[in-house]
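Participant: One structure is given below, represented as structure tokens, and several questions about it will come after.
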Amino acid sequence: MRDDALVTMRRSEADGRDVYYSLDIDHFRHLYLQAGMALHPAIGLDLPAFDAAQLAHQRVLFVCTHNSARSQMAEGLLRHLSQGHLDVFSAGSQPTTVHPDAIRAMQQFGIDISQQQSRPFSDFAGQPFDYVITVCDKAREVCPTFREYLFTCTGGFLTR
């Protein structure tokens, strides 16, 4: 996949031991449409426009350990991208406060998360979600409450 430029690889900045892979979604889409065209011309046509209204009332919860940066940024970004059609939340196993650097980073994209608050994921116990996405392994290990909805985001990939 790296040879075909489908994924990129980078080492962790902390100590270089961890390796992170990211999918080049635009290149993937291009190859996917090319493959479709090879099978049948109608398969390779451009995909229909995304209709955010179809997502109305779906609930998404991002979970991280401290609910201070990644999960807060994901909450703000998805709420912004869905134009309010999704009910988006974030929580932590050991919540602290929203990190000022996360707020500043999102402001650069015109997204204001300054009013968001860190919450424990126990606040959401018993509530139904369409997706629960952990953004760190520590949170996934202690998040049994939402097991049937649980996905993990690692290195740009979403896995069940």
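Ligands are numbered from 1 in the order shown, chains are lettered A, B, ... in the order of the structure tokens, and residues start at 1 in each chain.
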Can you pull out every residue within 8 Å of segment 56-67 of chain A, counting only C-alpha atoms, but drop anything in the same chain fewer than 4 positions away, and send it as a count of residues only?

Facilitator: 34

Participant: Can you check which residues of segment 23-137 of chain A DSSP gives as strand (DSSP E or B) on the backbone and send them as a PyMOL selection string?

Facilitator: chain A and resi 23+59-64+87-92+120+131-134

Participant: Go ahead and compute the interatomic distance for atom CA of Asp101 of chain A and atom CA of Ser68 of chain A, in Å to one decimal.

Facilitator: 9.6 Å

Participant: Separation of atom CA of Asp112 of chain A and atom CA of Ser82 of chain A, in Å?

Facilitator: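 Taking atom CA of Asp112 of chain A as the start and atom CA of Ser82 of chain A as the end point, the length is 14.8 Å.
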
Participant: Go ahead and compute the interatomic distance for atom CA of Gln34 of chain A and atom CA of Thr8 of chain A, in Å to one decimal.

Facilitator: 20.7 Å

Participant: Skipping near chain neighbours, those fewer than 2 positions away, what residues fall within 10 Å of Val19 of chain A using only C-alpha atoms, listed as a list in words?

Facilitator: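 Neighbouring residues, sequence-local ones excluded: Met9, Arg10, Arg11, Ser12, Glu13, Gly16, Arg17, Tyr21 and Gly155 of chain A.
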
Participant: Please dump the current selection as a short mmCIF file (atom, residue, chain, number, x, y, z; two decimals), in the first residue's frame; keep N, CA, C and O atoms.

Facilitator:
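So result-v8.cif came out as:
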data_model
loop_
_atom_site.label_atom_id
_atom_site.label_comp_id
_atom_site.auth_asym_id
_atom_site.auth_seq_id
_atom_site.Cartn_x
_atom_site.Cartn_y
_atom_site.Cartn_z
N MET A 9 3.37 6.85 5.99
CA MET A 9 3.85 6.37 7.27
C MET A 9 4.68 7.47 7.93
O MET A 9 5.41 8.19 7.26
N ARG A 10 4.51 7.57 9.25
CA ARG A 10 5.38 8.48 10.00
C ARG A 10 5.63 7.85 11.36
O ARG A 10 4.81 7.13 11.89
N ARG A 11 6.79 8.14 11.90
CA ARG A 11 7.15 7.65 13.23
C ARG A 11 6.71 8.67 14.28
O ARG A 11 6.59 9.86 13.98
N SER A 12 6.49 8.20 15.48
CA SER A 12 6.07 9.10 16.55
C SER A 12 7.16 10.13 16.80
O SER A 12 8.35 9.84 16.68
N GLU A 13 6.73 11.31 17.16
CA GLU A 13 7.68 12.37 17.45
C GLU A 13 8.30 12.20 18.83
O GLU A 13 9.36 12.74 19.11
N GLY A 16 10.06 7.83 18.43
CA GLY A 16 10.27 7.19 17.15
C GLY A 16 9.96 5.71 17.09
O GLY A 16 10.14 5.07 16.07
N ARG A 17 9.50 5.12 18.21
CA ARG A 17 9.21 3.69 18.22
C ARG A 17 7.86 3.36 17.59
O ARG A 17 7.72 2.32 16.96
N TYR A 21 0.17 5.12 10.36
CA TYR A 21 -0.17 5.04 8.96
C TYR A 21 -1.44 5.85 8.71
O TYR A 21 -2.36 5.83 9.52
N GLY A 155 -4.09 5.97 13.72
CA GLY A 155 -3.33 6.27 12.52
C GLY A 155 -4.17 6.63 11.33
O GLY A 155 -3.81 6.34 10.19
#

Participant: Using only C-alpha atoms, which of A:Gln127, A:Gln116, A:Gln108, A:Ser22 sits nearest Arg79 of chain A?

Facilitator: A:Gln116
